[in-house]
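Just below is one structure, and these are the notes that go with it.
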Amino acid sequence: MQSVDLHTHSTVSDGLLAPAELARRAHRNQADLWALTDHDELGGVNEARTTADELGLRFVAGVEISVSWTDDLPIHVLGLNVDEHNSALQHGLAVVREGRDARAHRIADELLRFGVEDAYQGALKHAGNPSLISRSHFARYLAEKGFATDIHSVFDNWLAQGKRGYVEHAWATLPDALEWIHNSGGVSVLAHPGRYRLSASGLRKLVEKFKELGGMGIEVISGSQSMEATRVCASLARRFELMASCGSDYHGPGESWIDLGKVPQLPDGLQPVWNSFR
Ligand code: AMP
Ligand code: MN
Ligand code: MN
Ligand code: MN
């Protein structure tokens, strides 16, 4: 039995803890293998690795890339065990990040129409990294202003697809994201497939295309999807011969369903993605 957590966020994207604090928490929670996977950003990897090394914790450099599956359906692809110095990967991520500021202004404009003032500045204050301003930062601002009791209900009422503050946005394409990851020596993993607004056949099509484009793994256990989704993802992993990954999707105390390093074991009969890390 070992504890593996290959999906976590720091203040470099929309997490609440700095990379070094995550490393210490992973160590305290007895993780054996931990990956930092900030959204569209590798800026926390150095600090995370340095602290993990000091603690004797096995660390994997990662990133969670925002991808447009269709115009109105964003998905997330993890790059695990990437080379954070790879220039094509860095450049691709920089381009994805560039769109975020303009999107944040559009979100704030929408929110203003519904009576939420100063949302751009308010969200920015919550962003540890201004180039990574995200809906999570808007959620924290709206909760702080009393528009909802916690950040999950802010999403349900304001920021989820189709809600008042939601705007469409063009992220990376799936072929580009996969190419950046593979070129940098990384392993590509489709993140939390159970969370997308897709029918069973829609999800199957996505996984089929992911595999066809060279995608390597699928997140079978995720803190942001249900146990029912685990069963579905395990069967997709077997059917499409994809490696299996698992992660808490930890964002910080009070905001995540699974604590860092407390991820359940993978179901039997799957190929753990970490066996492929050199
Ligand atoms: P963005 O990349 O700016 O669109 O923000 C996406 C992030 O918002 C995700 O990575 C989650 O951290 C967060 N998020 C999305 N939906 C929810 C939800 N229903 N509850 C809590 N957080 C969510
Ligand atoms: Mn997030
Ligand atoms: Mn995600
Ligand atoms: Mn995530």
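Residue names in the structure tokens use chain letters A, B, ... in the order shown, residue numbers from 1 in each chain, and ligand numbers from 1 in the order shown.
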*asked:* Give me, as a VMD selection string, all polymer residues having an atom no more than 12 Å from region 250-253 of chain A, counting only C-alpha atoms and skipping those fewer than 3 positions away in the same chain.
replied: chain A and resid 5 to 19 21 to 22 25 to 26 34 to 39 136 to 137 151 222 to 224 246 to 247 256 to 263
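Near region 98-114 of chain A, within a cut-off of 7 Å and counting only C-alpha atoms, sit the residues Ala119, Tyr120, Ser131, Leu132, Ile133, Arg164, Gly165, Tyr166, Val167 and His169 of chain A, with same-chain residues fewer than 5 positions away left out.
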Keeping only all heavy atoms, take the residues you just selected and write them out as a compact mmCIF listing (two decimals), in the first residue's frame.
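In the end it all went to again23.txt:
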# COMPACT_ATOMS: atom_id res chain seq x y z
N ALA A 119 -15.64 43.25 -9.00
CA ALA A 119 -15.27 41.83 -8.94
C ALA A 119 -13.86 41.59 -9.48
O ALA A 119 -13.15 40.71 -8.98
CB ALA A 119 -16.29 40.97 -9.68
N TYR A 120 -13.46 42.33 -10.50
CA TYR A 120 -12.12 42.10 -11.05
C TYR A 120 -11.06 42.37 -9.99
O TYR A 120 -10.22 41.51 -9.70
CB TYR A 120 -11.88 42.95 -12.30
CG TYR A 120 -10.47 42.79 -12.85
CD1 TYR A 120 -10.14 41.68 -13.64
CD2 TYR A 120 -9.48 43.71 -12.54
CE1 TYR A 120 -8.84 41.51 -14.11
CE2 TYR A 120 -8.18 43.54 -13.01
CZ TYR A 120 -7.87 42.45 -13.79
OH TYR A 120 -6.58 42.27 -14.25
N SER A 131 -1.26 36.50 -13.18
CA SER A 131 -1.42 35.98 -14.55
C SER A 131 -2.28 34.72 -14.56
O SER A 131 -2.60 34.18 -15.60
CB SER A 131 -0.05 35.71 -15.18
OG SER A 131 0.48 34.51 -14.69
N LEU A 132 -2.64 34.24 -13.37
CA LEU A 132 -3.43 33.02 -13.28
C LEU A 132 -4.77 33.28 -12.64
O LEU A 132 -5.34 32.42 -11.97
CB LEU A 132 -2.63 31.98 -12.48
CG LEU A 132 -2.64 30.57 -13.03
CD1 LEU A 132 -4.01 29.94 -12.91
CD2 LEU A 132 -2.21 30.53 -14.50
N ILE A 133 -5.31 34.47 -12.85
CA ILE A 133 -6.60 34.81 -12.24
C ILE A 133 -7.66 33.82 -12.74
O ILE A 133 -7.77 33.58 -13.94
CB ILE A 133 -6.97 36.28 -12.52
CG1 ILE A 133 -8.25 36.67 -11.75
CG2 ILE A 133 -7.09 36.58 -14.01
CD1 ILE A 133 -8.49 38.17 -11.69
N ARG A 164 -24.78 33.12 -13.98
CA ARG A 164 -24.72 34.55 -14.29
C ARG A 164 -23.34 35.08 -14.65
O ARG A 164 -23.19 35.93 -15.52
CB ARG A 164 -25.29 35.35 -13.11
CG ARG A 164 -26.78 35.22 -12.99
CD ARG A 164 -27.29 35.70 -11.65
NE ARG A 164 -27.13 34.69 -10.61
CZ ARG A 164 -27.65 34.78 -9.39
NH1 ARG A 164 -28.35 35.84 -9.06
NH2 ARG A 164 -27.48 33.82 -8.51
N GLY A 165 -22.30 34.57 -13.99
CA GLY A 165 -20.97 35.14 -14.23
C GLY A 165 -20.13 34.30 -15.19
O GLY A 165 -18.92 34.52 -15.29
N TYR A 166 -20.75 33.33 -15.86
CA TYR A 166 -19.96 32.45 -16.73
C TYR A 166 -19.80 33.06 -18.12
O TYR A 166 -20.75 33.54 -18.71
CB TYR A 166 -20.63 31.07 -16.86
CG TYR A 166 -19.75 30.08 -17.60
CD1 TYR A 166 -18.76 29.39 -16.92
CD2 TYR A 166 -19.90 29.88 -18.97
CE1 TYR A 166 -17.93 28.50 -17.59
CE2 TYR A 166 -19.07 29.00 -19.65
CZ TYR A 166 -18.10 28.32 -18.95
OH TYR A 166 -17.26 27.45 -19.61
N VAL A 167 -18.58 33.03 -18.63
CA VAL A 167 -18.35 33.45 -20.02
C VAL A 167 -17.59 32.35 -20.75
O VAL A 167 -16.79 31.63 -20.14
CB VAL A 167 -17.55 34.78 -20.10
CG1 VAL A 167 -18.28 35.92 -19.38
CG2 VAL A 167 -16.14 34.63 -19.55
N HIS A 169 -14.77 30.79 -23.24
CA HIS A 169 -13.39 31.19 -23.46
C HIS A 169 -12.67 30.13 -24.29
O HIS A 169 -12.93 28.94 -24.13
CB HIS A 169 -12.69 31.37 -22.10
CG HIS A 169 -11.28 31.86 -22.22
ND1 HIS A 169 -10.99 33.15 -22.61
CD2 HIS A 169 -10.09 31.24 -22.03
CE1 HIS A 169 -9.68 33.30 -22.65
NE2 HIS A 169 -9.10 32.16 -22.30
*Could you give me the residues within region 54-121 of chain A that DSSP places in strand (DSSP E), as a ChimeraX atom specification?*
/A:58-70,73-80
*Residues at most 7 Å from Leu242 (chain A), counting only C-alpha atoms, excluding those fewer than 2 positions away in the same chain, as a ChimeraX atom specification?*
/A:216-218,237-238,240,244
_Contacts of Glu219 (chain A) within 8 Å, only C-alpha atoms, excl. fewer than 5 positions in-chain, as a list in words_ = Val189, Leu190, Ala191, His192, Pro193, Cys233, Ala244, Ser245, Cys246 and Gly247 of chain A
*Enumerate as a ChimeraX atom specification all residues of region 116-262 of chain A assigned to alpha helix (DSSP H) by DSSP on the backbone, naming them with the chain letters and numbers the document uses.*
/A:119-126,135-144,151-154,174-183,200-212,227-239
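Take CA of Thr51 (chain A) and CA of His27 (chain A): the distance between them is 10.0 Å.
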With only C-alpha atoms as the counted atoms, please give the residues lying no more than 8 Å from Val154 (chain A), apart from itself and same-chain residues fewer than 4 positions off, as a PDB file with C-alpha atoms, in the first residue's frame.
ATOM      1  CA  ALA A 139     -15.593  32.526  -6.001  1.00  0.00           C
ATOM      2  CA  LEU A 142     -18.176  36.480  -3.914  1.00  0.00           C
ATOM      3  CA  ALA A 143     -18.186  34.340  -0.766  1.00  0.00           C
ATOM      4  CA  PHE A 147     -23.209  36.352  -2.212  1.00  0.00           C
ATOM      5  CA  ALA A 148     -23.061  32.698  -1.120  1.00  0.00           C
ATOM      6  CA  THR A 149     -22.085  30.784   1.985  1.00  0.00           C
ATOM      7  CA  ASP A 150     -19.177  28.801   0.563  1.00  0.00           C
ATOM      8  CA  TRP A 158     -22.841  32.217 -10.154  1.00  0.00           C
ATOM      9  CA  LEU A 159     -19.815  30.770 -11.899  1.00  0.00           C
TER      10      LEU A 159
END
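In this comparison, which uses only C-alpha atoms and all ligand atoms, the residue of A:Asp32, A:Glu47, A:Glu41, A:Asp71 approaching ligand 4 most closely is A:Glu41.
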*Looking at A:Leu57, A:Ile181, A:Ala123, A:Val63, which one is nearest to Gly215 (chain A), with distances taken over only C-alpha atoms?*
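Between A:Leu57, A:Ile181, A:Ala123, A:Val63, the residue approaching Gly215 (chain A) most closely is A:Ile181.
Atom to atom, CA of Gly79 (chain A) and CA of Phe277 (chain A) stand 11.8 Å apart.
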_Best match for closeness to ligand 4 among A:Ser248, A:Ser226, A:Asn81, A:Asn183, counting only C-alpha atoms and all ligand atoms_ =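 Of A:Ser248, A:Ser226, A:Asn81, A:Asn183, the one nearest ligand 4, counting only C-alpha atoms and all ligand atoms, is A:Ser248.
Proximity to Asp53 (chain A) at 12 Å, evaluated using only C-alpha atoms and with sequence-adjacent residues fewer than 3 positions away removed, yields Ala20, Ala23, Arg24, His27, Leu33, Trp34, Val45, Asn46, Glu47, Ala48, Arg49, Thr50, Gly56, Leu57, Arg58, Phe59 and Val60 of chain A.
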*Can you work out which one of A:Leu78, A:Met1, A:Leu124, A:Ala177 has the shortest atom-to-atom distance to Val95 (chain A), counting only C-alpha atoms?*
A:Ala177
*asked:* Using only C-alpha atoms, can you tell me which of A:Asp72, A:Glu64, A:Glu117, A:Asp176 comes closest to Asp40 (chain A)?
replied: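 Residue with the minimum atom-to-atom distance to Asp40 (chain A): A:Glu64.
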